[in-house]
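Trainee: Quick one, query10.json (JSON, C-alpha atoms and all ligand atoms):
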[["chain", "number", "residue", "atom", "x", "y", "z"],
["A", 1, "MET", "CA", 30.16, -32.94, 54.93],
["A", 2, "ARG", "CA", 33.59, -31.41, 55.13],
["A", 3, "ILE", "CA", 35.71, -30.62, 58.19],
["A", 4, "ILE", "CA", 37.96, -27.58, 57.90],
["A", 5, "HIS", "CA", 40.54, -26.74, 60.55],
["A", 6, "THR", "CA", 42.32, -23.72, 59.10],
["A", 7, "ILE", "CA", 41.26, -20.17, 58.33],
["A", 8, "SER", "CA", 42.99, -20.21, 54.94],
["A", 9, "GLU", "CA", 41.08, -23.31, 53.80],
["A", 10, "LEU", "CA", 37.80, -21.87, 55.05],
["A", 11, "ARG", "CA", 38.45, -18.61, 53.19],
["A", 12, "GLU", "CA", 39.23, -20.52, 49.98],
["A", 13, "TRP", "CA", 36.01, -22.52, 50.32],
["A", 14, "ARG", "CA", 34.02, -19.33, 51.09],
["A", 15, "LYS", "CA", 34.90, -17.74, 47.71],
["A", 16, "SER", "CA", 32.47, -19.99, 45.84],
["A", 17, "ALA", "CA", 30.02, -20.84, 48.60],
["A", 18, "GLY", "CA", 27.26, -18.35, 47.71],
["A", 19, "ARG", "CA", 24.92, -17.32, 50.51],
["A", 20, "VAL", "CA", 26.24, -18.78, 53.78],
["A", 21, "ALA", "CA", 24.23, -19.59, 56.90],
["A", 22, "PHE", "CA", 26.24, -19.99, 60.09],
["A", 23, "VAL", "CA", 25.78, -21.68, 63.47],
["A", 24, "PRO", "CA", 28.59, -20.89, 65.93],
["A", 25, "THR", "CA", 28.88, -23.44, 68.76],
["A", 26, "MET", "CA", 31.33, -24.73, 71.31],
["A", 27, "GLY", "CA", 30.57, -28.30, 70.21],
["A", 28, "ASN", "CA", 29.20, -31.15, 72.33],
["A", 29, "LEU", "CA", 26.07, -30.78, 70.28],
["A", 30, "HIS", "CA", 22.63, -31.64, 71.64],
["A", 31, "ALA", "CA", 19.08, -31.32, 70.29],
["A", 32, "GLY", "CA", 19.13, -27.56, 70.98],
["A", 33, "HIS", "CA", 22.08, -27.13, 68.58],
["A", 34, "ILE", "CA", 20.41, -29.39, 66.04],
["A", 35, "ALA", "CA", 17.40, -27.04, 66.09],
["A", 36, "LEU", "CA", 19.81, -24.22, 65.19],
["A", 37, "VAL", "CA", 21.25, -26.32, 62.35],
["A", 38, "ARG", "CA", 17.75, -27.11, 61.04],
["A", 39, "GLU", "CA", 16.81, -23.45, 61.15],
["A", 40, "ALA", "CA", 20.03, -22.35, 59.44],
["A", 41, "LYS", "CA", 20.34, -24.92, 56.68],
["A", 42, "HIS", "CA", 17.38, -23.57, 54.67],
["A", 43, "ARG", "CA", 18.59, -20.00, 54.90],
["A", 44, "GLY", "CA", 21.64, -20.23, 52.66],
["A", 45, "ASP", "CA", 23.23, -22.11, 49.77],
["A", 46, "ALA", "CA", 25.74, -23.48, 52.25],
["A", 47, "LEU", "CA", 25.89, -24.11, 55.99],
["A", 48, "VAL", "CA", 28.88, -23.64, 58.30],
["A", 49, "VAL", "CA", 28.83, -24.93, 61.89],
["A", 50, "SER", "CA", 31.82, -23.90, 63.99],
["A", 51, "LEU", "CA", 33.05, -25.99, 66.91],
["A", 52, "PHE", "CA", 35.41, -24.07, 69.16],
["A", 53, "VAL", "CA", 35.65, -23.96, 72.95],
["A", 54, "ASN", "CA", 36.57, -20.32, 73.44],
["A", 55, "ARG", "CA", 38.93, -19.86, 76.40],
["A", 56, "LEU", "CA", 38.37, -16.10, 76.29],
["A", 57, "GLN", "CA", 34.79, -16.36, 77.54],
["A", 58, "PHE", "CA", 35.57, -18.58, 80.54],
["A", 59, "GLY", "CA", 36.55, -17.10, 83.89],
["A", 60, "GLN", "CA", 39.10, -18.48, 86.32],
["A", 61, "GLY", "CA", 37.80, -21.59, 88.03],
["A", 62, "GLU", "CA", 35.14, -22.14, 85.36],
["A", 63, "ASP", "CA", 34.78, -25.33, 83.32],
["A", 64, "PHE", "CA", 37.03, -24.52, 80.31],
["A", 65, "ASP", "CA", 39.30, -27.55, 80.88],
["A", 66, "ARG", "CA", 36.52, -30.07, 81.44],
["A", 67, "TYR", "CA", 34.17, -28.68, 78.76],
["A", 68, "PRO", "CA", 33.49, -31.77, 76.58],
["A", 69, "ARG", "CA", 35.30, -31.83, 73.20],
["A", 70, "THR", "CA", 33.43, -34.31, 70.99],
["A", 71, "LEU", "CA", 34.41, -33.49, 67.40],
["A", 72, "ASP", "CA", 33.69, -36.91, 65.82],
["A", 73, "ASN", "CA", 30.26, -37.20, 67.36],
["A", 74, "ASP", "CA", 29.42, -33.57, 66.56],
["A", 75, "ALA", "CA", 30.49, -34.00, 62.94],
["A", 76, "ALA", "CA", 28.32, -37.11, 62.60],
["A", 77, "LEU", "CA", 25.29, -35.27, 64.02],
["A", 78, "ILE", "CA", 25.80, -32.37, 61.60],
["A", 79, "ALA", "CA", 26.29, -34.74, 58.64],
["A", 80, "ALA", "CA", 23.00, -36.47, 59.50],
["A", 81, "GLU", "CA", 21.22, -33.10, 59.23],
["A", 82, "CYS", "CA", 23.00, -31.64, 56.24],
["A", 83, "ASP", "CA", 25.33, -33.71, 54.08],
["A", 84, "ASN", "CA", 27.05, -30.74, 52.43],
["A", 85, "ALA", "CA", 27.66, -28.76, 55.65],
["A", 86, "VAL", "CA", 31.09, -27.43, 56.51],
["A", 87, "VAL", "CA", 32.31, -27.98, 60.05],
["A", 88, "PHE", "CA", 34.85, -25.32, 61.00],
["A", 89, "ALA", "CA", 36.92, -26.68, 63.90],
["A", 90, "PRO", "CA", 40.03, -24.54, 64.38],
["A", 91, "ASP", "CA", 42.44, -25.25, 67.23],
["A", 92, "GLU", "CA", 43.39, -22.52, 69.70],
["A", 93, "LYS", "CA", 46.61, -21.63, 67.87],
["A", 94, "GLU", "CA", 44.69, -21.05, 64.68],
["A", 95, "LEU", "CA", 42.21, -18.65, 66.25],
["A", 96, "TYR", "CA", 44.51, -17.12, 68.86],
["A", 97, "PRO", "CA", 47.99, -17.19, 67.31],
["A", 98, "HIS", "CA", 49.29, -14.61, 69.81],
["A", 99, "VAL", "CA", 47.99, -16.79, 72.70],
["A", 100, "ILE", "CA", 46.55, -13.62, 74.23],
["A", 101, "GLN", "CA", 44.05, -11.96, 71.94],
["A", 102, "GLN", "CA", 45.33, -8.42, 71.41],
["A", 103, "TYR", "CA", 42.22, -6.61, 70.14],
["A", 104, "LYS", "CA", 38.97, -7.29, 71.94],
["A", 105, "VAL", "CA", 35.39, -6.30, 71.26],
["A", 106, "GLU", "CA", 34.05, -4.38, 74.24],
["A", 107, "PRO", "CA", 30.27, -4.65, 74.66],
["A", 108, "PRO", "CA", 28.47, -1.78, 76.44],
["A", 109, "ALA", "CA", 27.31, -1.74, 80.08],
["A", 110, "ILE", "CA", 24.95, -4.69, 79.66],
["A", 111, "GLN", "CA", 28.05, -6.90, 79.73],
["A", 112, "ASP", "CA", 28.33, -6.27, 83.49],
["A", 113, "GLU", "CA", 24.72, -7.10, 84.31],
["A", 114, "LEU", "CA", 22.87, -10.41, 84.79],
["A", 115, "CYS", "CA", 25.34, -13.19, 83.85],
["A", 116, "GLY", "CA", 28.04, -10.58, 83.30],
["A", 117, "ALA", "CA", 27.94, -9.60, 86.97],
["A", 118, "PHE", "CA", 28.89, -13.16, 87.89],
["A", 119, "ARG", "CA", 31.16, -13.91, 84.92],
["A", 120, "PRO", "CA", 33.34, -10.80, 84.47],
["A", 121, "GLY", "CA", 34.70, -10.57, 80.93],
["A", 122, "HIS", "CA", 32.43, -13.32, 79.62],
["A", 123, "PHE", "CA", 30.57, -11.20, 77.07],
["A", 124, "ARG", "CA", 33.78, -9.51, 75.93],
["A", 125, "GLY", "CA", 35.08, -13.00, 75.19],
["A", 126, "VAL", "CA", 31.89, -13.96, 73.37],
["A", 127, "ALA", "CA", 31.73, -10.73, 71.33],
["A", 128, "THR", "CA", 35.40, -11.06, 70.40],
["A", 129, "VAL", "CA", 35.27, -14.67, 69.24],
["A", 130, "VAL", "CA", 31.97, -14.19, 67.40],
["A", 131, "THR", "CA", 33.44, -11.18, 65.58],
["A", 132, "LYS", "CA", 36.49, -13.24, 64.61],
["A", 133, "LEU", "CA", 34.28, -16.10, 63.43],
["A", 134, "PHE", "CA", 32.07, -13.68, 61.48],
["A", 135, "ASN", "CA", 35.17, -12.20, 59.82],
["A", 136, "ILE", "CA", 36.42, -15.65, 58.87],
["A", 137, "VAL", "CA", 33.14, -17.28, 57.78],
["A", 138, "GLN", "CA", 31.55, -14.08, 56.41],
["A", 139, "PRO", "CA", 28.04, -15.44, 56.82],
["A", 140, "ASP", "CA", 24.93, -13.78, 55.43],
["A", 141, "VAL", "CA", 22.85, -15.13, 58.27],
["A", 142, "ALA", "CA", 23.69, -16.59, 61.68],
["A", 143, "CYS", "CA", 21.46, -18.48, 64.15],
["A", 144, "PHE", "CA", 21.70, -18.09, 67.94],
["A", 145, "GLY", "CA", 19.61, -19.76, 70.64],
["A", 146, "LYS", "CA", 17.29, -17.76, 72.88],
["A", 147, "LYS", "CA", 18.44, -19.91, 75.79],
["A", 148, "ASP", "CA", 21.41, -17.53, 76.05],
["A", 149, "PHE", "CA", 19.13, -14.51, 75.87],
["A", 150, "GLN", "CA", 21.72, -12.00, 77.06],
["A", 151, "GLN", "CA", 24.29, -13.37, 74.62],
["A", 152, "LEU", "CA", 21.74, -13.06, 71.80],
["A", 153, "PHE", "CA", 21.08, -9.45, 72.87],
["A", 154, "VAL", "CA", 24.82, -8.64, 72.92],
["A", 155, "ILE", "CA", 25.32, -10.17, 69.46],
["A", 156, "GLN", "CA", 22.27, -8.44, 67.96],
["A", 157, "SER", "CA", 23.33, -5.05, 69.32],
["A", 158, "MET", "CA", 26.96, -5.61, 68.27],
["A", 159, "VAL", "CA", 25.94, -6.47, 64.71],
["A", 160, "ALA", "CA", 23.71, -3.38, 64.54],
["A", 161, "ASP", "CA", 26.23, -1.04, 66.19],
["A", 162, "LEU", "CA", 29.23, -2.20, 64.14],
["A", 163, "ASN", "CA", 27.25, -2.37, 60.88],
["A", 164, "MET", "CA", 27.98, -6.03, 60.30],
["A", 165, "PRO", "CA", 25.99, -7.16, 57.24],
["A", 166, "ILE", "CA", 24.64, -10.28, 58.94],
["A", 167, "GLU", "CA", 21.06, -11.25, 59.70],
["A", 168, "ILE", "CA", 20.80, -12.67, 63.22],
["A", 169, "VAL", "CA", 18.06, -15.29, 63.62],
["A", 170, "PRO", "CA", 16.95, -16.09, 67.18],
["A", 171, "VAL", "CA", 15.90, -19.72, 67.71],
["A", 172, "ASP", "CA", 13.59, -20.90, 70.50],
["A", 173, "THR", "CA", 15.05, -22.80, 73.44],
["A", 174, "GLY", "CA", 14.94, -26.58, 73.09],
["A", 175, "ARG", "CA", 13.59, -28.31, 76.19],
["A", 176, "ALA", "CA", 13.49, -31.83, 77.61],
["A", 177, "ASP", "CA", 10.02, -33.29, 78.25],
["A", 178, "ASP", "CA", 10.16, -32.08, 81.84],
["A", 179, "GLY", "CA", 10.94, -28.51, 80.73],
["A", 180, "LEU", "CA", 14.68, -28.38, 81.43],
["A", 181, "ALA", "CA", 16.40, -26.16, 78.86],
["A", 182, "LEU", "CA", 18.85, -28.20, 76.77],
["A", 183, "SER", "CA", 22.46, -27.34, 77.55],
["A", 184, "SER", "CA", 25.83, -29.04, 77.27],
["A", 185, "ARG", "CA", 26.27, -28.34, 80.99],
["A", 186, "ASN", "CA", 23.27, -30.57, 81.87],
["A", 187, "GLY", "CA", 25.74, -33.42, 81.40],
["A", 188, "TYR", "CA", 27.48, -32.34, 84.63],
["A", 189, "LEU", "CA", 24.33, -32.99, 86.71],
["A", 190, "SER", "CA", 24.05, -36.08, 88.93],
["A", 191, "ALA", "CA", 20.88, -38.19, 88.50],
["A", 192, "GLU", "CA", 19.35, -36.51, 91.54],
["A", 193, "GLU", "CA", 20.27, -33.00, 90.36],
["A", 194, "ARG", "CA", 18.87, -33.76, 86.93],
["A", 195, "LYS", "CA", 15.48, -34.48, 88.55],
["A", 196, "GLU", "CA", 15.60, -31.18, 90.42],
["A", 197, "ALA", "CA", 16.87, -29.00, 87.55],
["A", 198, "PRO", "CA", 13.47, -28.43, 85.80],
["A", 199, "ARG", "CA", 12.48, -26.43, 88.89],
["A", 200, "LEU", "CA", 13.97, -23.38, 87.14],
["A", 201, "TYR", "CA", 11.56, -23.61, 84.21],
["A", 202, "TRP", "CA", 8.70, -24.39, 86.58],
["A", 203, "HIS", "CA", 9.42, -21.13, 88.43],
["A", 204, "LEU", "CA", 9.77, -19.14, 85.22],
["A", 205, "SER", "CA", 6.42, -20.45, 84.00],
["A", 206, "ARG", "CA", 4.74, -19.60, 87.32],
["A", 207, "MET", "CA", 6.18, -16.07, 87.30],
["A", 208, "LYS", "CA", 4.98, -15.58, 83.73],
["A", 209, "GLN", "CA", 1.47, -16.76, 84.68],
["A", 210, "ALA", "CA", 1.41, -14.44, 87.70],
["A", 211, "ILE", "CA", 2.43, -11.44, 85.57],
["A", 212, "GLU", "CA", -0.12, -12.33, 82.92],
["A", 213, "ALA", "CA", -2.72, -12.47, 85.69],
["A", 214, "GLY", "CA", -1.86, -8.91, 86.76],
["A", 215, "GLU", "CA", 0.96, -9.23, 89.31],
["A", 216, "ARG", "CA", 3.44, -6.35, 88.94],
["A", 217, "ASP", "CA", 5.64, -6.79, 92.01],
["A", 218, "TYR", "CA", 8.52, -8.43, 90.13],
["A", 219, "ALA", "CA", 10.86, -8.19, 93.13],
["A", 220, "ARG", "CA", 8.45, -10.08, 95.37],
["A", 221, "LEU", "CA", 7.99, -12.83, 92.76],
["A", 222, "ALA", "CA", 11.75, -13.14, 92.46],
["A", 223, "ALA", "CA", 12.24, -13.27, 96.24],
["A", 224, "GLU", "CA", 9.79, -16.19, 96.44],
["A", 225, "VAL", "CA", 11.79, -18.09, 93.81],
["A", 226, "VAL", "CA", 15.08, -17.46, 95.61],
["A", 227, "MET", "CA", 13.63, -18.67, 98.89],
["A", 228, "ASP", "CA", 12.19, -21.83, 97.35],
["A", 229, "LEU", "CA", 15.44, -22.74, 95.55],
["A", 230, "ARG", "CA", 17.47, -22.18, 98.74],
["A", 231, "ILE", "CA", 15.13, -24.40, 100.75],
["A", 232, "ARG", "CA", 15.45, -27.09, 98.09],
["A", 233, "GLY", "CA", 19.25, -27.04, 98.39],
["A", 234, "TRP", "CA", 20.35, -25.01, 95.37],
["A", 235, "ASN", "CA", 23.78, -23.59, 96.12],
["A", 236, "GLU", "CA", 23.53, -20.06, 94.80],
["A", 237, "VAL", "CA", 20.83, -18.13, 93.03],
["A", 238, "ASP", "CA", 22.77, -15.58, 90.99],
["A", 239, "TYR", "CA", 19.71, -13.67, 89.83],
["A", 240, "VAL", "CA", 16.00, -13.81, 89.06],
["A", 241, "GLU", "CA", 15.14, -10.75, 86.99],
["A", 242, "THR", "CA", 12.21, -9.48, 84.97],
["A", 243, "ARG", "CA", 13.45, -7.29, 82.12],
["A", 244, "ASN", "CA", 12.17, -5.51, 79.05],
["A", 245, "ALA", "CA", 12.82, -8.09, 76.30],
["A", 246, "ASP", "CA", 13.73, -5.44, 73.70],
["A", 247, "THR", "CA", 16.16, -3.37, 75.79],
["A", 248, "LEU", "CA", 17.10, -5.77, 78.61],
["A", 249, "LYS", "CA", 16.51, -2.88, 81.01],
["A", 250, "PRO", "CA", 14.66, -3.68, 84.27],
["A", 251, "ALA", "CA", 10.97, -4.05, 83.41],
["A", 252, "THR", "CA", 8.60, -1.23, 84.23],
["A", 253, "HIS", "CA", 4.86, -1.61, 84.61],
["A", 254, "THR", "CA", 4.29, -0.16, 81.14],
["A", 255, "ASP", "CA", 6.49, -2.76, 79.41],
["A", 256, "HIS", "CA", 4.53, -5.54, 77.73],
["A", 257, "HIS", "CA", 7.30, -7.51, 76.03],
["A", 258, "LEU", "CA", 9.14, -9.11, 78.90],
["A", 259, "VAL", "CA", 11.79, -11.70, 79.59],
["A", 260, "ILE", "CA", 12.26, -13.34, 82.96],
["A", 261, "LEU", "CA", 15.84, -14.56, 83.37],
["A", 262, "ILE", "CA", 17.27, -16.84, 85.99],
["A", 263, "ALA", "CA", 20.71, -18.23, 86.84],
["A", 264, "ALA", "CA", 21.39, -20.58, 89.73],
["A", 265, "ARG", "CA", 23.83, -23.24, 90.82],
["A", 266, "LEU", "CA", 22.75, -26.80, 91.48],
["A", 267, "GLY", "CA", 25.67, -28.66, 93.03],
["A", 268, "HIS", "CA", 28.64, -27.47, 90.99],
["A", 269, "THR", "CA", 26.63, -26.75, 87.86],
["A", 270, "ARG", "CA", 25.51, -23.25, 86.93],
["A", 271, "LEU", "CA", 22.23, -23.35, 85.00],
["A", 272, "ILE", "CA", 20.54, -20.47, 83.18],
["A", 273, "ASP", "CA", 17.11, -20.21, 81.61],
["A", 274, "ASN", "CA", 14.54, -17.61, 80.61],
["A", 275, "VAL", "CA", 11.03, -17.12, 79.27],
["A", 276, "GLU", "CA", 10.15, -14.33, 76.88],
["A", 277, "PHE", "CA", 6.52, -13.29, 76.45],
["A", 278, "ARG", "CA", 4.11, -10.49, 75.56],
["A", 279, "TYR", "CA", 0.99, -9.64, 77.48],
["A", 301, "LIG", "O1", 26.78, -19.99, 72.69],
["A", 301, "LIG", "C1", 27.90, -20.51, 72.50],
["A", 301, "LIG", "O2", 28.02, -21.72, 72.32],
["A", 301, "LIG", "C2", 29.13, -19.63, 72.52],
["A", 301, "LIG", "O3", 29.00, -18.60, 73.45],
["A", 301, "LIG", "C3", 29.50, -19.08, 71.14],
["A", 301, "LIG", "C4", 28.42, -18.16, 70.60],
["A", 301, "LIG", "C5", 29.71, -20.23, 70.17],
["A", 301, "LIG", "C6", 30.79, -18.27, 71.23],
["A", 301, "LIG", "O4", 31.84, -19.05, 71.70]]
Let's see the structure in the file written out as structure tokens.
Mentor:
Amino acid sequence: MRIIHTISELREWRKSAGRVAFVPTMGNLHAGHIALVREAKHRGDALVVSLFVNRLQFGQGEDFDRYPRTLDNDAALIAAECDNAVVFAPDEKELYPHVIQQYKVEPPAIQDELCGAFRPGHFRGVATVVTKLFNIVQPDVACFGKKDFQQLFVIQSMVADLNMPIEIVPVDTGRADDGLALSSRNGYLSAEERKEAPRLYWHLSRMKQAIEAGERDYARLAAEVVMDLRIRGWNEVDYVETRNADTLKPATHTDHHLVILIAARLGHTRLIDNVEFRY
């Protein structure tokens, strides 16, 4: 395994790397990331995993400063999965030499919905850094988790709209035994909050079952979830939404490929999750 910190070294390596599979991450890897690595490593001659905590996608007051930076541990985890992987770990100056990124990639209106309504500018930051990473790594294929369903949608539509020659592979959400979606932010939860957190997946599963059984009043189902989470002491429920999984538009009764998305705060930690299904 090789760690590369500079764009010039990565570009040099890329010249003879053949078909490249790519997993962009912000580091602090967990089993969910490892699933992405396992999916990606068979899809190319070479694998690149980037580790970069991207300031541009964090809002004011969010957890940019305390986001865990665990390069040595991350590199060891990647090496255990793929001994000839390249870890691309640029510092901020390398990726943002002007401090303020001058050109930004502006996603369409979906960037202001769902998570975007609560994290203004977040998807612009994601689309911009992913474009920069794609331009540097020049992957043939890149893997993204379905846990960040809206992010996956933004990246897929960006790649299509900007004619980027990259295959985007969605990877299923990794879950703990009790159903909690794996996330670096789970590490912020207290022991008590950690016990409560799987409630999100429990609700998503119940909503899915209700819809499969014929329920079509998505707003009523969502209102029940909001009420339950409030009673149980969750701080904020940002949204509970049933959407068309192909377009991310609000689901109609004739849509049969759906995704139910949820975002809520437990203590100081904002958790997101979703279930995608066909009926
Ligand atoms: O999903 C993430 O970890 C980040 O949003 C990404 C795609 C690496 C961009 O910073």
Trainee: Extract, using all atoms listed in the file, all DNA, RNA and protein residues at most 7 Å from Asn28 in chain A, discarding same-chain residues fewer than 5 positions from it, and format them as an NGL selection string.
Mentor: :A and (68-70 or 74 or 184)
Trainee: Ligand LIG 301 (chain A): which residues are within 10 Å, counting only C-alpha atoms and all ligand atoms, as a ChimeraX atom specification?
Mentor: /A:23-29,33,49-58,122-123,125-131,133,143-149,151-152,155,183-184
Trainee: What does the distance from CA of Pro97 in chain A to CA of Ile136 in chain A come to in Å, to one decimal?
Mentor: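 According to the coordinates, CA of Pro97 in chain A and CA of Ile136 in chain A are separated by 14.4 Å.
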Trainee: Please build the interface table for range 57-148 of chain A against range 246-254 of chain A with a cut-off of 10 Å, listing for each qualifying residue the nearest atom pair and the distance in Å to one decimal; count all atoms listed in the file, order rows by chain and increasing number, and write it as CSV.
Mentor:
residue,atom,partner,partner_atom,distance
A:Ile110,CA,A:Leu248,CA,8.0
A:Glu113,CA,A:Leu248,CA,9.6
A:Leu114,CA,A:Leu248,CA,9.6
Trainee: What's the 10 Å shell around range 233-239 of chain A, counting all atoms listed in the file, without same-chain residues fewer than 5 positions away, as a PyMOL selection string?
Mentor: chain A and resi 113-115+117-118+193+196-197+222-223+225-228+261-272
Trainee: Report, in Å to a single decimal, how far apart CA of Phe64 in chain A and CA of Asp91 in chain A are.
Mentor: 14.2 Å
Trainee: How far is it from CA of Ile166 in chain A to CA of Ala21 in chain A, in Å with one decimal?
Mentor: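 CA of Ala21 in chain A lies 9.5 Å from CA of Ile166 in chain A.
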Trainee: With distances taken over only C-alpha atoms, which residue among A:Asn73, A:Gln150, A:Asn135, A:Asn163 lies nearest Val259 in chain A?
Mentor: A:Gln150
Trainee: Take every atom of range 78-83 of chain A listed in the file, fit an axis-aligned box around them, add 3 Å per side, and give the centre and edge lengths in Å to one decimal as AutoDock Vina command-line options.
Mentor:
--center_x 23.8 --center_y -34.1 --center_z 57.8 --size_x 11.1 --size_y 10.8 --size_z 13.5
Trainee: Between A:Leu204, A:Leu47, A:Ala40, A:Ile100, which residue has the minimum interatomic distance to Ala17 in chain A, considering only C-alpha atoms?
Mentor: A:Leu47
Trainee: Give me the residues within 8 Å of range 4-7 of chain A as a list in words, counting only C-alpha atoms and dropping any in the same chain fewer than 2 places off.
Mentor: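 My reading of the contact set: Arg2, Glu9, Leu10, Arg11, Val86, Val87, Phe88, Ala89, Pro90, Asp91, Glu94 and Ile136 of chain A.
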Trainee: Using all atoms listed in the file, can you tell me which of A:Gln138, A:Trp202, A:Gln102, A:Ile34 comes closest to Trp13 in chain A?
Mentor: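 Comparing A:Gln138, A:Trp202, A:Gln102, A:Ile34 against Trp13 in chain A, the winner is A:Gln138.
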Trainee: So which one's closest to Gln209 in chain A, A:Asp172, A:Glu81, A:Asp65, A:Glu276? Using all atoms listed in the file, please.
Mentor: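 Comparing A:Asp172, A:Glu81, A:Asp65, A:Glu276 against Gln209 in chain A, the winner is A:Glu276.
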Trainee: With only C-alpha atoms as the basis for distance, which of A:Ala31, A:Glu62, A:Leu200, A:Val159 is at the shortest distance from Asp178 in chain A?
Mentor: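 Closest to Asp178 in chain A, using only C-alpha atoms: A:Leu200.
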